[in-house]
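Asks: One structure is given below, represented as structure tokens, and several questions about it will come after.
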Number of protein chains: 2
Amino acid sequence: MSTPQDVLDAAGRAREASHALALATRAQKDRALHAMADALLAAEADLLAANAEDVARAEEGGTPLNIVDRLRLTPDRLAAMAQGLRDVAGLPDPVGEVVRGGTLANGLELRQVRVPFGVVGMIYEARPNVTADAAGICLKSGNAVLLRGSSSARSSNAAIVAVLREAAVSAGLDADVVQLVPGDSHEAVKVLMRARGLVDVLIPRGGAGLIRSVVEESTVPVIETGVGNCHVYVDRAADQDKALAIVLNAKTHRTSVCNAAESLLVHADLADAFLPRVVAALQEAGVTIHGDDVFAAYDGVVAATEADFGEEYLSLDISAAVVDDLDAAVRHIRRHSSRHSDAIVTEDQGAARRFVAEVDSAAVLVNASTRFTDGGEFGFGAEIGISTQKLHARGPMGLPEMTSTKYVVTGDGHVR
Amino acid sequence: MSTPQDVLDAAGRAREASHALALATRAQKDRALHAMADALLAAEADLLAANAEDVARAEEGGTPLNIVDRLRLTPDRLAAMAQGLRDVAGLPDPVGEVVRGGTLANGLELRQVRVPFGVVGMIYEARPNVTADAAGICLKSGNAVLLRGSSSARSSNAAIVAVLREAAVSAGLDADVVQLVPGDSHEAVKVLMRARGLVDVLIPRGGAGLIRSVVEESTVPVIETGVGNCHVYVDRAADQDKALAIVLNAKTHRTSVCNAAESLLVHADLADAFLPRVVAALQEAGVTIHGDDVFAAYDGVVAATEADFGEEYLSLDISAAVVDDLDAAVRHIRRHSSRHSDAIVTEDQGAARRFVAEVDSAAVLVNASTRFTDGGEFGFGAEIGISTQKLHARGPMGLPEMTSTKYVVTGDGHVR
């Protein structure tokens, strides 16, 4: 059993380790990332054995098959984890980047420079690959990390972190740049969430309940990630073929992700022509439509409740409504969207411009699937999550979003 | 008496007003700022009369004279408030700035664009000029603002806000872009701090107690401002004349501000030569030195307690210690600094480079007074506060720091 003091001690060790890590060169950090990748592959047998314990426990506990599958490590998945670390090594180091700079009228030189946060706390669910991903991104951005995975993956996470720590040491870094939060209790998370001053930022990644509880209980600053009730609005001036392709892709390309579409809005003027096509196409793809009165007139469409329009299904379900005009679409989205990703399909430049200006979401897309809101798709190379808050970072977060800045002011005896 | 619902209603009206304000052009916003400046001057008699009520109440209540002075409005101070609004009108509009952009491999156009937060809550103390300053900066950055000043300035703030609202309407904006938080109770602040979803960010500005309570109790994201336990470290390789000028300026130029120096560290090798000079100069300027054993050997130096080194005096007091070397200086600063502004005085390039890298503060200064950490000095034109946190903004916050961003993704039927 761990005590609250154990968690604070771990945070203190992370803080200590963060000082040297902040000064590490890109070469040192990349060496450590490659050492970690090598070590994961070398430890394959041990890691799969540890993972088998988690899988067995989950199966005994009657965990749904799709969750067990997400928990399972395979040689391929391990290889992908290792490759992920090498990919991060290949990305530019954000630390030290001069964000702006110049010389003031009085001759003072002013530079705003990227620096690591210091200590990052990650609270996440299910998949053990997040453990290596998060460790790699934090290390490259110069941050010590405290990892708190779900208890269902505790054997896997413990084994992965042990391997990563050893590899960090082999590359000349402090083992405590990567730590698991000690203990399995909710008490441990609570201590982490109140460790203001020791932990610089908390990133919860998982379901809506997890994220809400972190936001409610933390005094450490939080970056909220990921819940996505994403909309596709098919405008009066939409190209119907593009609209059909985008709706299908956004809903069915992958249903369990936060950038999948969960709600379809169609301009009233297009309803007669477009609804038969889109209802048929979605149903053929196995999608259950939870529709308003107009949609519900079609065979197989389930009548939507008000709650449906706020739902993040993460499944082959979509809510659907006909709206009178663009204004009504914007109002509907303001009311129900989680402000993750919302798309308009239109050939009308004025409508696109208004939608982009008036819809206040992390990503607003024109004639493109919501599935593009992704660090990989945006070319960031690595992504620690997708922020749905407005403070600090919004949308996919890559390495630069894992840094703060400091001002460096250089004079020659300057006084006011 | 106001009820919690009144506060939520005000926040809801701010949210509504923020939609149109986010779309307002720079021309519209600048027109409103000038209208506000004109209106403040036109209402001079009413504003001074309202302020006289606050001043009389403060005097009756036995408020210290320096606090009463900060509360007092004069025709000059009103003119400065009006000029502040005109200055903000003269600054570039941060909204719409493209932070980065490009075309992805698949032809999707990606732009990251500055957008307003939406609704900002400001909780601040004492001086009524902050009311107009904050309203102006929020308006220019496209944010509706809920202002919560101290109850000691309630008549002044009510009168100022009434004038600003009328001027906003005269310029075609919604009055509710600027509101006072209804009610004077602590309950009202609590509701504001829990209004996540209605309020996008809270900025507390005032004493350490105020800021701590907002950080502890808020579920709305907070930008922490201002507590400054700032250090000047005089290195072995310091030019003593520059060091003397910087220490004196940092401590005595203005004592009540967060970027004033509160602690002096001197390298042991320089102690014999420098301490007599700096002690004499500080004492001549009326400064009480709270020194360690070495400093306390000088006449008139008070022996420092451990607590002195954590103190933000905001007065003619300074803590002082001799340190063995640069490492010891960095350790001392890590332990005691509020991470606002810390300076080194040295002619040694290597020492300067290490200090800049290892001291993790919002501003790190080389051969310059800590008093330079200021939005005006940095050339930002306006400042809503100085952030001492690492998330979102760090150091002086100007107009760009009062915005978030969104990604705009434009395709032509793109799917994954």
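In the structure tokens, each chain is lettered A, B, ... as it comes, each chain's residues begin at 1, and ligands are numbered from 1 in order of appearance.
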Contacts from chain A to chain B, 6 Å maximum, only C-alpha atoms: show me the residue list as a PyMOL selection string.
Replies: chain A and resi 216+219+242+246+362-369+390-392+404+406-415
Asks: For the selection just defined, write its residues with N, CA and C atoms to a file, as an mmCIF file, in the first residue's frame.
Replies:
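Below is the file again_20.cif, written as the result:
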data_model
loop_
_atom_site.group_PDB
_atom_site.id
_atom_site.type_symbol
_atom_site.label_atom_id
_atom_site.label_comp_id
_atom_site.auth_asym_id
_atom_site.auth_seq_id
_atom_site.Cartn_x
_atom_site.Cartn_y
_atom_site.Cartn_z
ATOM 1 N N GLU A 216 -12.663 18.842 -11.909
ATOM 2 C CA GLU A 216 -13.352 19.283 -10.692
ATOM 3 C C GLU A 216 -12.418 19.320 -9.491
ATOM 4 N N THR A 219 -6.170 21.129 -8.196
ATOM 5 C CA THR A 219 -5.674 22.498 -8.047
ATOM 6 C C THR A 219 -4.474 22.698 -8.967
ATOM 7 N N LYS A 242 -19.966 14.911 -52.227
ATOM 8 C CA LYS A 242 -18.955 15.181 -51.208
ATOM 9 C C LYS A 242 -19.566 15.009 -49.818
ATOM 10 N N ILE A 246 -18.246 12.488 -46.933
ATOM 11 C CA ILE A 246 -17.739 13.044 -45.663
ATOM 12 C C ILE A 246 -18.530 12.501 -44.479
ATOM 13 N N ALA A 362 -12.412 23.574 -31.388
ATOM 14 C CA ALA A 362 -10.960 23.452 -31.536
ATOM 15 C C ALA A 362 -10.589 23.339 -33.016
ATOM 16 N N ALA A 363 -11.400 22.604 -33.783
ATOM 17 C CA ALA A 363 -11.195 22.533 -35.227
ATOM 18 C C ALA A 363 -12.530 22.755 -35.928
ATOM 19 N N VAL A 364 -12.500 23.599 -36.932
ATOM 20 C CA VAL A 364 -13.682 23.823 -37.761
ATOM 21 C C VAL A 364 -13.269 23.447 -39.175
ATOM 22 N N LEU A 365 -14.030 22.524 -39.781
ATOM 23 C CA LEU A 365 -13.606 21.976 -41.068
ATOM 24 C C LEU A 365 -14.599 22.344 -42.160
ATOM 25 N N VAL A 366 -14.075 22.629 -43.332
ATOM 26 C CA VAL A 366 -14.898 22.939 -44.492
ATOM 27 C C VAL A 366 -14.644 21.864 -45.544
ATOM 28 N N ASN A 367 -15.703 21.181 -45.931
ATOM 29 C CA ASN A 367 -15.596 20.145 -46.969
ATOM 30 C C ASN A 367 -14.511 19.115 -46.671
ATOM 31 N N ALA A 368 -14.425 18.734 -45.398
ATOM 32 C CA ALA A 368 -13.462 17.707 -44.994
ATOM 33 C C ALA A 368 -14.032 16.949 -43.798
ATOM 34 N N SER A 369 -13.646 15.702 -43.677
ATOM 35 C CA SER A 369 -14.127 14.841 -42.603
ATOM 36 C C SER A 369 -13.566 15.287 -41.249
ATOM 37 N N LYS A 390 -9.710 26.043 -23.948
ATOM 38 C CA LYS A 390 -9.187 27.188 -24.685
ATOM 39 C C LYS A 390 -7.875 27.689 -24.125
ATOM 40 N N LEU A 391 -7.549 27.288 -22.898
ATOM 41 C CA LEU A 391 -6.334 27.794 -22.264
ATOM 42 C C LEU A 391 -5.142 26.947 -22.686
ATOM 43 N N HIS A 392 -4.078 27.620 -23.052
ATOM 44 C CA HIS A 392 -2.785 27.026 -23.367
ATOM 45 C C HIS A 392 -2.734 26.357 -24.732
ATOM 46 N N SER A 404 6.282 25.442 -21.875
ATOM 47 C CA SER A 404 5.946 26.807 -21.503
ATOM 48 C C SER A 404 6.999 27.704 -22.152
ATOM 49 N N LYS A 406 9.853 31.181 -21.242
ATOM 50 C CA LYS A 406 10.326 32.185 -20.293
ATOM 51 C C LYS A 406 10.878 33.350 -21.092
ATOM 52 N N TYR A 407 10.859 34.539 -20.471
ATOM 53 C CA TYR A 407 11.486 35.703 -21.087
ATOM 54 C C TYR A 407 12.916 35.820 -20.583
ATOM 55 N N VAL A 408 13.841 35.985 -21.510
ATOM 56 C CA VAL A 408 15.227 36.226 -21.153
ATOM 57 C C VAL A 408 15.544 37.669 -21.561
ATOM 58 N N VAL A 409 15.967 38.465 -20.581
ATOM 59 C CA VAL A 409 16.188 39.886 -20.796
ATOM 60 C C VAL A 409 17.665 40.175 -20.524
ATOM 61 N N THR A 410 18.379 40.663 -21.520
ATOM 62 C CA THR A 410 19.817 40.875 -21.360
ATOM 63 C C THR A 410 20.170 42.339 -21.550
ATOM 64 N N GLY A 411 20.839 42.885 -20.529
ATOM 65 C CA GLY A 411 21.245 44.290 -20.590
ATOM 66 C C GLY A 411 22.701 44.453 -20.246
ATOM 67 N N ASP A 412 23.061 45.681 -19.952
ATOM 68 C CA ASP A 412 24.458 45.969 -19.620
ATOM 69 C C ASP A 412 24.478 46.957 -18.452
ATOM 70 N N GLY A 413 23.723 46.581 -17.407
ATOM 71 C CA GLY A 413 23.599 47.466 -16.261
ATOM 72 C C GLY A 413 22.343 48.324 -16.329
ATOM 73 N N HIS A 414 21.359 47.862 -17.112
ATOM 74 C CA HIS A 414 20.141 48.655 -17.323
ATOM 75 C C HIS A 414 19.307 48.808 -16.045
ATOM 76 N N VAL A 415 18.881 50.039 -15.786
ATOM 77 C CA VAL A 415 17.928 50.315 -14.700
ATOM 78 C C VAL A 415 16.835 51.244 -15.232
#
Asks: Would you list the contacts of A:Glu97 as a list in words, taking every protein, DNA or RNA residue within 8 Å and counting only C-alpha atoms, but skipping same-chain residues closer than 3 positions in sequence?
Replies: Pro94, Val113 and Arg114 of chain A
Asks: Report as a CSV table (one decimal) with N, CA and C atoms, in the first residue's frame: the residues of stretch 245-367 of chain A with a DSSP assignment of strand (DSSP E), based on the backbone of this structure.
Replies:
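Everything below was put into part24.csv:
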chain,number,residue,atom,x,y,z
A,261,ALA,N,-17.7,11.6,-36.2
A,261,ALA,CA,-18.9,12.4,-36.2
A,261,ALA,C,-20.0,11.7,-35.3
A,262,GLU,N,-20.7,12.4,-34.5
A,262,GLU,CA,-21.8,11.9,-33.7
A,262,GLU,C,-23.1,12.5,-34.0
A,263,SER,N,-23.1,13.5,-34.9
A,263,SER,CA,-24.4,14.2,-35.2
A,263,SER,C,-24.3,14.8,-36.6
A,264,LEU,N,-25.5,14.6,-37.3
A,264,LEU,CA,-25.6,15.1,-38.7
A,264,LEU,C,-26.7,16.1,-38.7
A,265,LEU,N,-26.4,17.3,-39.3
A,265,LEU,CA,-27.4,18.4,-39.5
A,265,LEU,C,-27.5,18.6,-41.0
A,266,VAL,N,-28.8,18.7,-41.5
A,266,VAL,CA,-29.0,18.9,-42.9
A,266,VAL,C,-29.9,20.1,-43.1
A,267,HIS,N,-29.5,21.0,-44.0
A,267,HIS,CA,-30.3,22.2,-44.3
A,267,HIS,C,-31.7,21.8,-44.9
A,288,THR,N,-27.0,3.1,-37.0
A,288,THR,CA,-28.4,3.4,-36.5
A,288,THR,C,-28.5,4.9,-36.4
A,289,ILE,N,-29.6,5.5,-37.0
A,289,ILE,CA,-29.8,6.9,-37.0
A,289,ILE,C,-30.8,7.2,-36.0
A,290,HIS,N,-30.5,8.2,-35.1
A,290,HIS,CA,-31.4,8.7,-34.1
A,290,HIS,C,-31.8,10.0,-34.6
A,291,GLY,N,-33.0,10.1,-35.2
A,291,GLY,CA,-33.4,11.3,-36.0
A,291,GLY,C,-34.5,12.1,-35.4
A,302,VAL,N,-34.5,5.7,-35.7
A,302,VAL,CA,-35.1,5.7,-34.4
A,302,VAL,C,-35.4,7.1,-34.0
A,303,ALA,N,-36.5,7.4,-33.3
A,303,ALA,CA,-36.8,8.8,-32.9
A,303,ALA,C,-35.8,9.2,-31.9
A,317,ASP,N,-23.7,4.7,-34.2
A,317,ASP,CA,-24.9,5.5,-34.0
A,317,ASP,C,-24.6,6.9,-34.4
A,318,ILE,N,-25.7,7.6,-34.9
A,318,ILE,CA,-25.5,9.0,-35.1
A,318,ILE,C,-26.9,9.7,-34.9
A,319,SER,N,-26.8,10.9,-34.3
A,319,SER,CA,-28.0,11.7,-34.2
A,319,SER,C,-28.2,12.5,-35.4
A,320,ALA,N,-29.4,12.9,-35.8
A,320,ALA,CA,-29.6,13.6,-37.1
A,320,ALA,C,-30.8,14.5,-37.0
A,321,ALA,N,-30.6,15.7,-37.5
A,321,ALA,CA,-31.7,16.7,-37.5
A,321,ALA,C,-31.7,17.5,-38.8
A,322,VAL,N,-32.9,18.0,-39.1
A,322,VAL,CA,-33.0,19.0,-40.2
A,322,VAL,C,-33.0,20.4,-39.6
A,323,VAL,N,-32.2,21.3,-40.1
A,323,VAL,CA,-32.3,22.7,-39.6
A,323,VAL,C,-32.7,23.6,-40.6
A,341,SER,N,-14.5,19.1,-32.9
A,341,SER,CA,-14.4,19.3,-34.3
A,341,SER,C,-15.8,19.3,-35.0
A,342,ASP,N,-16.1,20.4,-35.7
A,342,ASP,CA,-17.4,20.5,-36.4
A,342,ASP,C,-17.1,20.9,-37.8
A,343,ALA,N,-17.9,20.3,-38.7
A,343,ALA,CA,-17.6,20.5,-40.2
A,343,ALA,C,-18.9,21.0,-40.9
A,344,ILE,N,-18.6,21.8,-41.9
A,344,ILE,CA,-19.7,22.2,-42.8
A,344,ILE,C,-19.3,21.6,-44.2
A,345,VAL,N,-20.3,21.2,-44.9
A,345,VAL,CA,-20.2,20.8,-46.3
A,345,VAL,C,-20.9,21.8,-47.2
A,363,ALA,N,-11.4,22.6,-33.8
A,363,ALA,CA,-11.2,22.5,-35.2
A,363,ALA,C,-12.5,22.8,-35.9
A,364,VAL,N,-12.5,23.6,-36.9
A,364,VAL,CA,-13.7,23.8,-37.8
A,364,VAL,C,-13.3,23.4,-39.2
A,365,LEU,N,-14.0,22.5,-39.8
A,365,LEU,CA,-13.6,22.0,-41.1
A,365,LEU,C,-14.6,22.3,-42.2
A,366,VAL,N,-14.1,22.6,-43.3
A,366,VAL,CA,-14.9,22.9,-44.5
A,366,VAL,C,-14.6,21.9,-45.5
A,367,ASN,N,-15.7,21.2,-45.9
A,367,ASN,CA,-15.6,20.1,-47.0
A,367,ASN,C,-14.5,19.1,-46.7
Asks: Which polymer residues have any atom within 10 Å of an atom of B:Val130, counting only C-alpha atoms, with same-chain residues fewer than 3 positions away left out, as number ranges by chain?
Replies: B: 81, 122, 124-127, 133-136, 147, 149, 157, 205, 384
Asks: Just list as number ranges by chain whatever in stretch 170-276 of chain B DSSP marks as alpha helix (DSSP H).
Replies: B: 170, 186-193, 208-217, 240-252, 268-276
Asks: So, counting only C-alpha atoms, which residue among A:Thr252, A:Thr25, A:Ser337, A:Ser155 is closest to A:Leu139?
Replies: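 Nearest to A:Leu139: A:Thr25.
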Asks: Could you please determine the separation between atom CA of B:Phe295 and atom CA of B:Val227 in Å, to one decimal place?
Replies: 25.8 Å
Asks: Excluding B:Leu198 and any residue of its chain fewer than 3 positions from it, enumerate the residues within 7 Å of it, using only C-alpha atoms, and give them as a PyMOL selection string.
Replies: chain B and resi 11-12+15+195
Asks: Using only C-alpha atoms, which protein or nucleic acid residues come within 12 Å of stretch 42-58 of chain B? Drop anything in the same chain fewer than 6 positions from it, and give the result as a ChimeraX atom specification.
Replies: /B:35-36,64-79,81-82,126-129,150-164,166-167
Asks: For those residues, write N, CA and C atoms to a file as a compact mmCIF listing (two decimals), in the first residue's frame.
Replies:
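Final output, selection31.txt:
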# COMPACT_ATOMS: atom_id res chain seq x y z
N ALA B 35 -15.22 55.66 -27.71
CA ALA B 35 -16.49 56.12 -27.11
C ALA B 35 -16.42 55.98 -25.59
N MET B 36 -15.82 54.89 -25.13
CA MET B 36 -15.68 54.69 -23.68
C MET B 36 -14.79 55.76 -23.06
N PRO B 64 -5.80 52.23 5.98
CA PRO B 64 -4.51 52.93 5.94
C PRO B 64 -4.47 53.95 4.80
N LEU B 65 -3.75 55.01 5.02
CA LEU B 65 -3.74 56.13 4.08
C LEU B 65 -3.28 55.73 2.67
N ASN B 66 -2.28 54.84 2.59
CA ASN B 66 -1.79 54.47 1.25
C ASN B 66 -2.85 53.69 0.46
N ILE B 67 -3.67 52.93 1.17
CA ILE B 67 -4.76 52.21 0.49
C ILE B 67 -5.84 53.19 0.06
N VAL B 68 -6.15 54.13 0.92
CA VAL B 68 -7.14 55.15 0.55
C VAL B 68 -6.64 55.91 -0.68
N ASP B 69 -5.35 56.17 -0.71
CA ASP B 69 -4.82 56.91 -1.85
C ASP B 69 -4.98 56.12 -3.15
N ARG B 70 -4.77 54.81 -3.07
CA ARG B 70 -4.92 54.00 -4.29
C ARG B 70 -6.37 53.97 -4.76
N LEU B 71 -7.27 54.11 -3.80
CA LEU B 71 -8.70 54.07 -4.11
C LEU B 71 -9.17 55.36 -4.77
N ARG B 72 -8.47 56.45 -4.50
CA ARG B 72 -8.96 57.78 -4.86
C ARG B 72 -8.86 58.04 -6.37
N LEU B 73 -9.94 58.56 -6.95
CA LEU B 73 -9.91 59.04 -8.34
C LEU B 73 -9.72 60.55 -8.34
N THR B 74 -8.96 61.02 -9.32
CA THR B 74 -8.79 62.47 -9.50
C THR B 74 -9.03 62.75 -10.98
N PRO B 75 -9.21 64.02 -11.38
CA PRO B 75 -9.35 64.31 -12.81
C PRO B 75 -8.15 63.76 -13.60
N ASP B 76 -6.95 63.84 -13.05
CA ASP B 76 -5.77 63.30 -13.75
C ASP B 76 -5.85 61.79 -13.91
N ARG B 77 -6.25 61.12 -12.85
CA ARG B 77 -6.34 59.66 -12.95
C ARG B 77 -7.44 59.23 -13.92
N LEU B 78 -8.53 59.98 -13.94
CA LEU B 78 -9.59 59.69 -14.92
C LEU B 78 -9.08 59.90 -16.34
N ALA B 79 -8.33 60.96 -16.53
CA ALA B 79 -7.78 61.23 -17.86
C ALA B 79 -6.83 60.11 -18.27
N MET B 81 -7.06 56.98 -17.28
CA MET B 81 -7.90 55.82 -17.62
C MET B 81 -8.41 55.95 -19.05
N ALA B 82 -8.87 57.16 -19.40
CA ALA B 82 -9.38 57.38 -20.76
C ALA B 82 -8.26 57.18 -21.78
N ALA B 126 -8.83 46.70 -4.88
CA ALA B 126 -8.51 48.12 -4.70
C ALA B 126 -8.72 49.03 -5.90
N ARG B 127 -7.69 49.32 -6.71
CA ARG B 127 -7.72 50.50 -7.58
C ARG B 127 -8.78 50.45 -8.67
N PRO B 128 -9.65 51.48 -8.72
CA PRO B 128 -10.75 51.46 -9.70
C PRO B 128 -10.28 51.60 -11.14
N ASN B 129 -9.04 52.07 -11.37
CA ASN B 129 -8.60 52.19 -12.77
C ASN B 129 -8.47 50.83 -13.44
N SER B 150 -13.00 45.03 -5.66
CA SER B 150 -13.16 44.88 -4.22
C SER B 150 -14.34 45.72 -3.76
N SER B 151 -14.97 45.30 -2.66
CA SER B 151 -16.16 46.00 -2.19
C SER B 151 -15.80 47.41 -1.76
N SER B 152 -14.53 47.65 -1.43
CA SER B 152 -14.16 49.01 -1.02
C SER B 152 -14.30 50.00 -2.17
N ALA B 153 -14.30 49.51 -3.41
CA ALA B 153 -14.41 50.40 -4.57
C ALA B 153 -15.76 50.24 -5.27
N ARG B 154 -16.76 49.75 -4.54
CA ARG B 154 -17.99 49.34 -5.24
C ARG B 154 -18.73 50.50 -5.89
N SER B 155 -18.77 51.67 -5.25
CA SER B 155 -19.49 52.80 -5.87
C SER B 155 -18.76 53.26 -7.12
N SER B 156 -17.45 53.36 -7.04
CA SER B 156 -16.65 53.78 -8.20
C SER B 156 -16.82 52.79 -9.34
N ASN B 157 -16.68 51.50 -9.03
CA ASN B 157 -16.76 50.49 -10.08
C ASN B 157 -18.13 50.47 -10.74
N ALA B 158 -19.18 50.60 -9.93
CA ALA B 158 -20.53 50.60 -10.49
C ALA B 158 -20.70 51.79 -11.44
N ALA B 159 -20.19 52.95 -11.03
CA ALA B 159 -20.34 54.15 -11.87
C ALA B 159 -19.53 54.01 -13.15
N ILE B 160 -18.30 53.50 -13.03
CA ILE B 160 -17.44 53.35 -14.21
C ILE B 160 -18.07 52.36 -15.20
N VAL B 161 -18.53 51.22 -14.68
CA VAL B 161 -19.09 50.21 -15.57
C VAL B 161 -20.36 50.71 -16.25
N ALA B 162 -21.17 51.47 -15.52
CA ALA B 162 -22.39 52.02 -16.13
C ALA B 162 -22.02 52.91 -17.32
N VAL B 163 -20.99 53.72 -17.14
CA VAL B 163 -20.55 54.61 -18.22
C VAL B 163 -20.01 53.80 -19.40
N LEU B 164 -19.20 52.78 -19.11
CA LEU B 164 -18.61 51.97 -20.19
C LEU B 164 -19.68 51.22 -20.98
N GLU B 166 -22.85 52.05 -21.41
CA GLU B 166 -23.60 52.98 -22.25
C GLU B 166 -22.78 53.33 -23.51
N ALA B 167 -21.48 53.51 -23.31
CA ALA B 167 -20.62 53.84 -24.45
C ALA B 167 -20.53 52.67 -25.43
Asks: Find the distance between atom CA of B:Val279 and atom CA of B:Asp348 and write it in Å to one decimal.
Replies: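 For atom CA of B:Val279 relative to atom CA of B:Asp348, the distance reads 23.8 Å.
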Asks: So, counting only C-alpha atoms, which residue among B:His231, B:Glu224, B:Ala80, B:Asp327 is closest to B:Leu41?
Replies: B:Ala80
